[in-house]
file protein-v2.cif (mmCIF, C-alpha atoms and all ligand atoms)
data_model
loop_
_atom_site.group_PDB
_atom_site.id
_atom_site.type_symbol
_atom_site.label_atom_id
_atom_site.label_comp_id
_atom_site.auth_asym_id
_atom_site.auth_seq_id
_atom_site.Cartn_x
_atom_site.Cartn_y
_atom_site.Cartn_z
ATOM 1 C CA MET X 1 -3.436 -12.808 14.954
ATOM 2 C CA PRO X 2 -1.396 -9.650 15.737
ATOM 3 C CA LYS X 3 -3.177 -6.359 15.179
ATOM 4 C CA LEU X 4 -2.207 -2.976 13.749
ATOM 5 C CA LEU X 5 -4.113 0.082 14.954
ATOM 6 C CA VAL X 6 -3.965 3.246 12.834
ATOM 7 C CA LEU X 7 -4.965 6.472 14.581
ATOM 8 C CA HIS X 8 -5.721 9.673 12.705
ATOM 9 C CA GLY X 9 -5.985 12.921 14.634
ATOM 10 C CA PRO X 10 -8.042 16.106 14.266
ATOM 11 C CA ASN X 11 -9.197 17.312 10.851
ATOM 12 C CA LEU X 12 -7.690 14.427 8.892
ATOM 13 C CA SER X 13 -11.215 13.353 7.920
ATOM 14 C CA ARG X 14 -11.007 16.296 5.464
ATOM 15 C CA LEU X 15 -8.091 14.815 3.537
ATOM 16 C CA GLY X 16 -8.468 15.035 -0.198
ATOM 17 C CA GLN X 17 -11.149 17.705 0.114
ATOM 18 C CA ARG X 18 -9.135 20.746 1.271
ATOM 19 C CA GLU X 19 -5.505 21.880 0.947
ATOM 20 C CA PRO X 20 -4.525 19.177 -1.580
ATOM 21 C CA GLU X 21 -1.325 21.121 -2.358
ATOM 22 C CA ARG X 22 -0.203 20.570 1.236
ATOM 23 C CA TYR X 23 -1.745 17.257 2.236
ATOM 24 C CA GLY X 24 -2.358 15.550 -1.120
ATOM 25 C CA GLN X 25 -5.453 14.371 -2.949
ATOM 26 C CA THR X 26 -5.822 10.968 -1.359
ATOM 27 C CA THR X 27 -8.780 10.619 0.978
ATOM 28 C CA LEU X 28 -8.551 9.071 4.420
ATOM 29 C CA ALA X 29 -10.789 6.221 3.270
ATOM 30 C CA ALA X 30 -8.381 5.454 0.407
ATOM 31 C CA ILE X 31 -5.385 5.493 2.771
ATOM 32 C CA ASN X 32 -7.151 3.158 5.177
ATOM 33 C CA GLN X 33 -8.111 0.806 2.351
ATOM 34 C CA ARG X 34 -4.472 0.501 1.214
ATOM 35 C CA LEU X 35 -3.321 -0.193 4.756
ATOM 36 C CA GLN X 36 -6.060 -2.765 5.241
ATOM 37 C CA ARG X 37 -4.912 -4.591 2.094
ATOM 38 C CA LEU X 38 -1.322 -4.616 3.296
ATOM 39 C CA CYS X 39 -2.462 -6.111 6.591
ATOM 40 C CA GLU X 40 -4.717 -8.704 4.938
ATOM 41 C CA ALA X 41 -1.819 -9.860 2.755
ATOM 42 C CA ALA X 42 0.337 -10.278 5.855
ATOM 43 C CA GLU X 43 -2.479 -11.859 7.928
ATOM 44 C CA ILE X 44 -2.444 -9.021 10.425
ATOM 45 C CA ASP X 45 -5.666 -7.689 11.988
ATOM 46 C CA PHE X 46 -6.350 -4.058 11.140
ATOM 47 C CA GLU X 47 -8.331 -1.188 12.590
ATOM 48 C CA ALA X 48 -8.231 2.494 11.657
ATOM 49 C CA VAL X 49 -10.004 5.312 13.491
ATOM 50 C CA GLN X 50 -10.074 9.087 13.186
ATOM 51 C CA SER X 51 -11.038 11.449 15.958
ATOM 52 C CA ASN X 52 -11.103 15.195 16.439
ATOM 53 C CA HIS X 53 -10.913 14.716 20.206
ATOM 54 C CA GLU X 54 -7.784 14.198 22.272
ATOM 55 C CA GLY X 55 -9.586 12.236 25.002
ATOM 56 C CA GLU X 56 -11.168 9.892 22.488
ATOM 57 C CA LEU X 57 -7.770 9.140 20.942
ATOM 58 C CA ILE X 58 -6.437 8.413 24.430
ATOM 59 C CA ASP X 59 -9.395 6.051 25.022
ATOM 60 C CA TYR X 60 -8.527 4.211 21.771
ATOM 61 C CA ILE X 61 -4.931 3.840 22.964
ATOM 62 C CA HIS X 62 -6.072 2.381 26.299
ATOM 63 C CA ALA X 63 -8.478 0.014 24.528
ATOM 64 C CA ALA X 64 -5.623 -1.070 22.247
ATOM 65 C CA ALA X 65 -3.692 -2.311 25.273
ATOM 66 C CA ASP X 66 -6.715 -4.308 26.485
ATOM 67 C CA GLU X 67 -7.114 -5.842 22.993
ATOM 68 C CA GLY X 68 -3.452 -6.769 22.676
ATOM 69 C CA VAL X 69 -2.701 -4.496 19.713
ATOM 70 C CA GLY X 70 0.892 -5.121 18.635
ATOM 71 C CA TYR X 71 1.691 -1.837 16.908
ATOM 72 C CA ILE X 72 0.216 1.630 16.415
ATOM 73 C CA VAL X 73 0.700 3.952 13.447
ATOM 74 C CA ILE X 74 -0.429 7.439 14.425
ATOM 75 C CA ASN X 75 -0.770 10.786 12.721
ATOM 76 C CA PRO X 76 -1.665 12.917 15.741
ATOM 77 C CA ALA X 77 -2.134 15.977 13.452
ATOM 78 C CA ALA X 78 -2.166 19.217 15.484
ATOM 79 C CA LEU X 79 -2.039 17.239 18.753
ATOM 80 C CA THR X 80 1.530 16.313 17.816
ATOM 81 C CA HIS X 81 2.587 19.750 18.915
ATOM 82 C CA THR X 82 0.462 20.101 22.051
ATOM 83 C CA SER X 83 -0.505 16.824 23.658
ATOM 84 C CA ILE X 84 1.352 15.539 26.682
ATOM 85 C CA GLY X 85 -1.777 13.437 27.273
ATOM 86 C CA LEU X 86 -1.251 11.431 24.067
ATOM 87 C CA ARG X 87 2.421 10.990 24.916
ATOM 88 C CA ASP X 88 1.552 9.743 28.415
ATOM 89 C CA ALA X 89 -1.065 7.331 27.037
ATOM 90 C CA LEU X 90 1.356 5.827 24.516
ATOM 91 C CA LEU X 91 4.015 5.475 27.190
ATOM 92 C CA ALA X 92 1.513 3.959 29.627
ATOM 93 C CA VAL X 93 0.383 1.180 27.280
ATOM 94 C CA GLN X 94 3.923 0.460 26.038
ATOM 95 C CA ILE X 95 2.698 -0.384 22.545
ATOM 96 C CA PRO X 96 5.402 0.495 20.001
ATOM 97 C CA PHE X 97 4.272 3.187 17.595
ATOM 98 C CA ILE X 98 5.340 5.030 14.457
ATOM 99 C CA GLU X 99 4.484 8.732 14.033
ATOM 100 C CA VAL X 100 3.411 9.767 10.535
ATOM 101 C CA HIS X 101 2.947 13.187 8.975
ATOM 102 C CA LEU X 102 1.845 13.859 5.434
ATOM 103 C CA SER X 103 3.787 17.104 5.282
ATOM 104 C CA ASN X 104 7.380 17.668 6.346
ATOM 105 C CA ILE X 105 6.776 19.280 9.728
ATOM 106 C CA HIS X 106 10.438 20.368 9.882
ATOM 107 C CA ALA X 107 9.989 22.526 6.789
ATOM 108 C CA ARG X 108 6.984 24.377 8.233
ATOM 109 C CA GLU X 109 6.263 26.885 11.015
ATOM 110 C CA SER X 110 8.480 26.609 14.086
ATOM 111 C CA PHE X 111 5.532 25.547 16.271
ATOM 112 C CA ARG X 112 5.117 22.439 14.089
ATOM 113 C CA GLN X 113 8.749 21.450 14.455
ATOM 114 C CA ARG X 114 8.277 20.245 18.021
ATOM 115 C CA SER X 115 6.633 16.860 18.546
ATOM 116 C CA TYR X 116 5.638 15.603 21.983
ATOM 117 C CA LEU X 117 5.742 12.038 20.652
ATOM 118 C CA ALA X 118 8.754 11.753 18.360
ATOM 119 C CA ASP X 119 11.382 10.947 20.983
ATOM 120 C CA VAL X 120 9.357 8.005 22.301
ATOM 121 C CA ALA X 121 8.293 6.725 18.847
ATOM 122 C CA GLN X 122 9.985 3.768 17.167
ATOM 123 C CA GLY X 123 10.270 5.958 14.100
ATOM 124 C CA VAL X 124 8.882 9.039 12.385
ATOM 125 C CA VAL X 125 7.877 9.433 8.723
ATOM 126 C CA SER X 126 7.246 13.036 7.687
ATOM 127 C CA GLY X 127 6.800 14.670 4.313
ATOM 128 C CA LEU X 128 6.104 11.671 2.071
ATOM 129 C CA GLY X 129 2.363 12.181 1.808
ATOM 130 C CA ALA X 130 0.041 9.187 1.889
ATOM 131 C CA GLU X 131 2.966 6.908 1.023
ATOM 132 C CA GLY X 132 4.327 7.627 4.497
ATOM 133 C CA TYR X 133 1.460 5.671 6.047
ATOM 134 C CA GLU X 134 2.252 2.681 3.838
ATOM 135 C CA LEU X 135 5.937 2.771 4.735
ATOM 136 C CA ALA X 136 5.064 2.971 8.416
ATOM 137 C CA ALA X 137 2.518 0.144 8.137
ATOM 138 C CA ARG X 138 5.016 -2.081 6.294
ATOM 139 C CA ALA X 139 7.595 -1.466 9.022
ATOM 140 C CA ALA X 140 5.034 -2.182 11.749
ATOM 141 C CA ILE X 141 3.837 -5.360 10.027
ATOM 142 C CA ARG X 142 7.409 -6.623 9.663
ATOM 143 C CA ARG X 143 8.138 -5.877 13.302
ATOM 144 C CA MET X 144 5.029 -7.852 14.339
ATOM 145 C CA GLY X 145 6.343 -10.820 12.372
ATOM 146 C CA GLY X 146 4.017 -10.437 9.377
HETATM 147 O O1 LIG C 1 1.434 16.806 7.989
HETATM 148 C C1 LIG C 1 0.661 16.227 8.756
HETATM 149 O O2 LIG C 1 0.264 15.086 8.586
HETATM 150 C C2 LIG C 1 0.138 16.986 9.985
HETATM 151 O O3 LIG C 1 0.051 16.054 11.064
HETATM 152 C C3 LIG C 1 -1.236 17.490 9.593
HETATM 153 C C4 LIG C 1 -1.877 18.369 10.667
HETATM 154 C C5 LIG C 1 -0.931 19.467 11.122
HETATM 155 O O4 LIG C 1 -1.508 20.172 12.218
HETATM 156 C C6 LIG C 1 0.418 18.914 11.541
HETATM 157 O O5 LIG C 1 1.253 19.974 11.906
HETATM 158 C C7 LIG C 1 1.045 18.121 10.425
HETATM 159 C C8 LIG C 1 -3.153 19.022 10.109
HETATM 160 C C9 LIG C 1 -4.172 18.046 9.644
HETATM 161 C C10 LIG C 1 -5.253 18.810 8.950
HETATM 162 O O6 LIG C 1 -5.745 18.024 7.910
HETATM 163 C C11 LIG C 1 -6.413 18.636 6.913
HETATM 164 C C12 LIG C 1 -6.669 17.873 5.800
HETATM 165 C C13 LIG C 1 -7.341 18.431 4.743
HETATM 166 C C14 LIG C 1 -7.787 19.732 4.800
HETATM 167 C C15 LIG C 1 -7.533 20.481 5.912
HETATM 168 C C16 LIG C 1 -6.844 19.924 6.978
#

call {"tool": "encode", "arguments": {"input": "protein-v2.cif", "output": "structure tokens"}}
result
Amino acid sequence: MPKLLVLHGPNLSRLGQREPERYGQTTLAAINQRLQRLCEAAEIDFEAVQSNHEGELIDYIHAAADEGVGYIVINPAALTHTSIGLRDALLAVQIPFIEVHLSNIHARESFRQRSYLADVAQGVVSGLGAEGYELAARAAIRRMGG
């Protein structure tokens, strides 16, 4: 069965608890549950992980290649704007990925408007809140044949 891996970057474990006006009221657990249901309906394996650590996220990306993950949906959070390491890992494993942001990073501070991943992503969803993850997961599932 093909597998979707969802990666959540630093601080996203706090979703729904702080800054709801910016990031919404939906918790990370609720987002993951919705994505899991979408995958179950399409008979796609699903795994979601959150980490506050760049190296750990890179380790998950390497492990994904060893496990034969077919697609990654990633919200790299602040690492979007800083991490050449995440970019290199995603390029190294050659697993297609979709970048997701809850907020519209292009409508925020200039330092958030640069992404080190966007130009090598299959697509980017930014500013649609938790729904953005669902749209990205649906696209990934369809592209895996689900
Ligand atoms: O809009 C997004 O999804 C971001 O990736 C969120 C990151 C931010 O650094 C990016 O520029 C855009 C921040 C995630 C922090 O998440 C929190 C959630 C709840 C409360 C506090 C922080």

call {"tool": "residues_near_ligand", "arguments": {"input": "protein-v2.cif", "ligand": "ligand LIG 1 (chain C)", "cutoff": "8 Å", "atoms": "all atoms listed in the file", "output": "number ranges by chain"}}
result
X: 9-20, 22-23, 75-81, 100-105, 112, 126-127, 129

call {"tool": "write_last_selection", "arguments": {"input": "protein-v2.cif", "atoms": "C-alpha atoms", "output": "PDB file, in the frame of the given file"}}
result
ATOM      1  CA  GLY X   9      -5.985  12.921  14.634  1.00  0.00           C
ATOM      2  CA  PRO X  10      -8.042  16.106  14.266  1.00  0.00           C
ATOM      3  CA  ASN X  11      -9.197  17.312  10.851  1.00  0.00           C
ATOM      4  CA  LEU X  12      -7.690  14.427   8.892  1.00  0.00           C
ATOM      5  CA  SER X  13     -11.215  13.353   7.920  1.00  0.00           C
ATOM      6  CA  ARG X  14     -11.007  16.296   5.464  1.00  0.00           C
ATOM      7  CA  LEU X  15      -8.091  14.815   3.537  1.00  0.00           C
ATOM      8  CA  GLY X  16      -8.468  15.035  -0.198  1.00  0.00           C
ATOM      9  CA  GLN X  17     -11.149  17.705   0.114  1.00  0.00           C
ATOM     10  CA  ARG X  18      -9.135  20.746   1.271  1.00  0.00           C
ATOM     11  CA  GLU X  19      -5.505  21.880   0.947  1.00  0.00           C
ATOM     12  CA  PRO X  20      -4.525  19.177  -1.580  1.00  0.00           C
ATOM     13  CA  ARG X  22      -0.203  20.570   1.236  1.00  0.00           C
ATOM     14  CA  TYR X  23      -1.745  17.257   2.236  1.00  0.00           C
ATOM     15  CA  ASN X  75      -0.770  10.786  12.721  1.00  0.00           C
ATOM     16  CA  PRO X  76      -1.665  12.917  15.741  1.00  0.00           C
ATOM     17  CA  ALA X  77      -2.134  15.977  13.452  1.00  0.00           C
ATOM     18  CA  ALA X  78      -2.166  19.217  15.484  1.00  0.00           C
ATOM     19  CA  LEU X  79      -2.039  17.239  18.753  1.00  0.00           C
ATOM     20  CA  THR X  80       1.530  16.313  17.816  1.00  0.00           C
ATOM     21  CA  HIS X  81       2.587  19.750  18.915  1.00  0.00           C
ATOM     22  CA  VAL X 100       3.411   9.767  10.535  1.00  0.00           C
ATOM     23  CA  HIS X 101       2.947  13.187   8.975  1.00  0.00           C
ATOM     24  CA  LEU X 102       1.845  13.859   5.434  1.00  0.00           C
ATOM     25  CA  SER X 103       3.787  17.104   5.282  1.00  0.00           C
ATOM     26  CA  ASN X 104       7.380  17.668   6.346  1.00  0.00           C
ATOM     27  CA  ILE X 105       6.776  19.280   9.728  1.00  0.00           C
ATOM     28  CA  ARG X 112       5.117  22.439  14.089  1.00  0.00           C
ATOM     29  CA  SER X 126       7.246  13.036   7.687  1.00  0.00           C
ATOM     30  CA  GLY X 127       6.800  14.670   4.313  1.00  0.00           C
ATOM     31  CA  GLY X 129       2.363  12.181   1.808  1.00  0.00           C
TER      32      GLY X 129
END

call {"tool": "closest_residue", "arguments": {"input": "protein-v2.cif", "among": "X:Arg138, X:Arg143, X:His62, X:His106", "to": "Asp88 of chain X", "atoms": "only C-alpha atoms"}}
result
X:His62

call {"tool": "resolve_selection", "arguments": {"input": "protein-v2.cif", "expression": "the PyMOL selection byres (((chain X and resi 46) around 8) and not hetatm)", "output": "number ranges by chain"}}
result
X: 3-6, 36, 39-40, 44-45, 47-48

call {"tool": "atom_distance", "arguments": {"input": "protein-v2.cif", "atom1": "atom CA of Thr26 of chain X", "atom2": "atom CA of Gly70 of chain X"}}
result
26.5 Å

call {"tool": "atom_distance", "arguments": {"input": "protein-v2.cif", "atom1": "atom CA of Val69 of chain X", "atom2": "atom CA of Pro96 of chain X"}}
result
9.5 Å

call {"tool": "residues_around", "arguments": {"input": "protein-v2.cif", "residues": "Leu35 of chain X", "least_positions_apart": "4", "cutoff": "8 Å", "atoms": "all atoms listed in the file", "output": "PDB file with C-alpha atoms, in the coordinates of the input"}}
result
ATOM      1  CA  ILE X  31      -5.385   5.493   2.771  1.00  0.00           C
ATOM      2  CA  CYS X  39      -2.462  -6.111   6.591  1.00  0.00           C
ATOM      3  CA  TYR X 133       1.460   5.671   6.047  1.00  0.00           C
ATOM      4  CA  GLU X 134       2.252   2.681   3.838  1.00  0.00           C
ATOM      5  CA  ALA X 137       2.518   0.144   8.137  1.00  0.00           C
TER       6      ALA X 137
END

call {"tool": "residues_around", "arguments": {"input": "protein-v2.cif", "residues": "Val124 of chain X", "least_positions_apart": "6", "cutoff": "7 Å", "atoms": "all atoms listed in the file", "output": "PDB file with C-alpha atoms, in the frame of the given file"}}
result
ATOM      1  CA  ILE X  98       5.340   5.030  14.457  1.00  0.00           C
ATOM      2  CA  GLU X  99       4.484   8.732  14.033  1.00  0.00           C
ATOM      3  CA  VAL X 100       3.411   9.767  10.535  1.00  0.00           C
ATOM      4  CA  ALA X 118       8.754  11.753  18.360  1.00  0.00           C
TER       5      ALA X 118
END

call {"tool": "residues_near_point", "arguments": {"input": "protein-v2.cif", "point": "(-4.2, -0.5, 27.6)", "cutoff": "10 Å", "atoms": "only C-alpha atoms", "output": "PyMOL selection string"}}
result
chain X and resi 58-69+89-90+92-95

call {"tool": "build_atoms", "arguments": {"input": "protein-v2.cif", "residues": "segment 30-44 of chain X", "atoms": "N, CA, C and O atoms", "output": "PDB file, in the frame of the given file"}}
result
ATOM      1  N   ALA X  30      -9.289   6.135   1.345  1.00  0.00           N
ATOM      2  CA  ALA X  30      -8.381   5.454   0.407  1.00  0.00           C
ATOM      3  C   ALA X  30      -7.097   5.018   1.119  1.00  0.00           C
ATOM      4  O   ALA X  30      -6.578   3.915   0.876  1.00  0.00           O
ATOM      5  N   ILE X  31      -6.584   5.872   1.997  1.00  0.00           N
ATOM      6  CA  ILE X  31      -5.385   5.493   2.771  1.00  0.00           C
ATOM      7  C   ILE X  31      -5.680   4.259   3.606  1.00  0.00           C
ATOM      8  O   ILE X  31      -4.926   3.280   3.605  1.00  0.00           O
ATOM      9  N   ASN X  32      -6.809   4.291   4.307  1.00  0.00           N
ATOM     10  CA  ASN X  32      -7.151   3.158   5.177  1.00  0.00           C
ATOM     11  C   ASN X  32      -7.309   1.868   4.377  1.00  0.00           C
ATOM     12  O   ASN X  32      -6.908   0.791   4.834  1.00  0.00           O
ATOM     13  N   GLN X  33      -7.903   2.001   3.182  1.00  0.00           N
ATOM     14  CA  GLN X  33      -8.111   0.806   2.351  1.00  0.00           C
ATOM     15  C   GLN X  33      -6.770   0.167   1.961  1.00  0.00           C
ATOM     16  O   GLN X  33      -6.617  -1.052   2.021  1.00  0.00           O
ATOM     17  N   ARG X  34      -5.809   1.026   1.581  1.00  0.00           N
ATOM     18  CA  ARG X  34      -4.472   0.501   1.214  1.00  0.00           C
ATOM     19  C   ARG X  34      -3.828  -0.212   2.392  1.00  0.00           C
ATOM     20  O   ARG X  34      -3.216  -1.262   2.247  1.00  0.00           O
ATOM     21  N   LEU X  35      -3.950   0.403   3.569  1.00  0.00           N
ATOM     22  CA  LEU X  35      -3.321  -0.193   4.756  1.00  0.00           C
ATOM     23  C   LEU X  35      -4.003  -1.508   5.125  1.00  0.00           C
ATOM     24  O   LEU X  35      -3.342  -2.478   5.511  1.00  0.00           O
ATOM     25  N   GLN X  36      -5.324  -1.530   4.950  1.00  0.00           N
ATOM     26  CA  GLN X  36      -6.060  -2.765   5.241  1.00  0.00           C
ATOM     27  C   GLN X  36      -5.585  -3.893   4.326  1.00  0.00           C
ATOM     28  O   GLN X  36      -5.394  -5.030   4.779  1.00  0.00           O
ATOM     29  N   ARG X  37      -5.382  -3.567   3.050  1.00  0.00           N
ATOM     30  CA  ARG X  37      -4.912  -4.591   2.094  1.00  0.00           C
ATOM     31  C   ARG X  37      -3.536  -5.111   2.471  1.00  0.00           C
ATOM     32  O   ARG X  37      -3.277  -6.313   2.379  1.00  0.00           O
ATOM     33  N   LEU X  38      -2.661  -4.190   2.869  1.00  0.00           N
ATOM     34  CA  LEU X  38      -1.322  -4.616   3.296  1.00  0.00           C
ATOM     35  C   LEU X  38      -1.425  -5.588   4.463  1.00  0.00           C
ATOM     36  O   LEU X  38      -0.722  -6.604   4.509  1.00  0.00           O
ATOM     37  N   CYS X  39      -2.306  -5.255   5.407  1.00  0.00           N
ATOM     38  CA  CYS X  39      -2.462  -6.111   6.591  1.00  0.00           C
ATOM     39  C   CYS X  39      -3.075  -7.455   6.218  1.00  0.00           C
ATOM     40  O   CYS X  39      -2.630  -8.508   6.701  1.00  0.00           O
ATOM     41  N   GLU X  40      -4.082  -7.440   5.359  1.00  0.00           N
ATOM     42  CA  GLU X  40      -4.717  -8.704   4.938  1.00  0.00           C
ATOM     43  C   GLU X  40      -3.681  -9.627   4.306  1.00  0.00           C
ATOM     44  O   GLU X  40      -3.643 -10.822   4.596  1.00  0.00           O
ATOM     45  N   ALA X  41      -2.829  -9.050   3.443  1.00  0.00           N
ATOM     46  CA  ALA X  41      -1.819  -9.860   2.755  1.00  0.00           C
ATOM     47  C   ALA X  41      -0.840 -10.477   3.743  1.00  0.00           C
ATOM     48  O   ALA X  41      -0.280 -11.551   3.488  1.00  0.00           O
ATOM     49  N   ALA X  42      -0.628  -9.786   4.858  1.00  0.00           N
ATOM     50  CA  ALA X  42       0.337 -10.278   5.855  1.00  0.00           C
ATOM     51  C   ALA X  42      -0.353 -11.024   7.001  1.00  0.00           C
ATOM     52  O   ALA X  42       0.306 -11.407   7.980  1.00  0.00           O
ATOM     53  N   GLU X  43      -1.682 -11.207   6.885  1.00  0.00           N
ATOM     54  CA  GLU X  43      -2.479 -11.859   7.928  1.00  0.00           C
ATOM     55  C   GLU X  43      -2.324 -11.159   9.282  1.00  0.00           C
ATOM     56  O   GLU X  43      -2.030 -11.777  10.310  1.00  0.00           O
ATOM     57  N   ILE X  44      -2.482  -9.864   9.222  1.00  0.00           N
ATOM     58  CA  ILE X  44      -2.444  -9.021  10.425  1.00  0.00           C
ATOM     59  C   ILE X  44      -3.817  -8.371  10.553  1.00  0.00           C
ATOM     60  O   ILE X  44      -4.354  -7.856   9.567  1.00  0.00           O
TER      61      ILE X  44
END
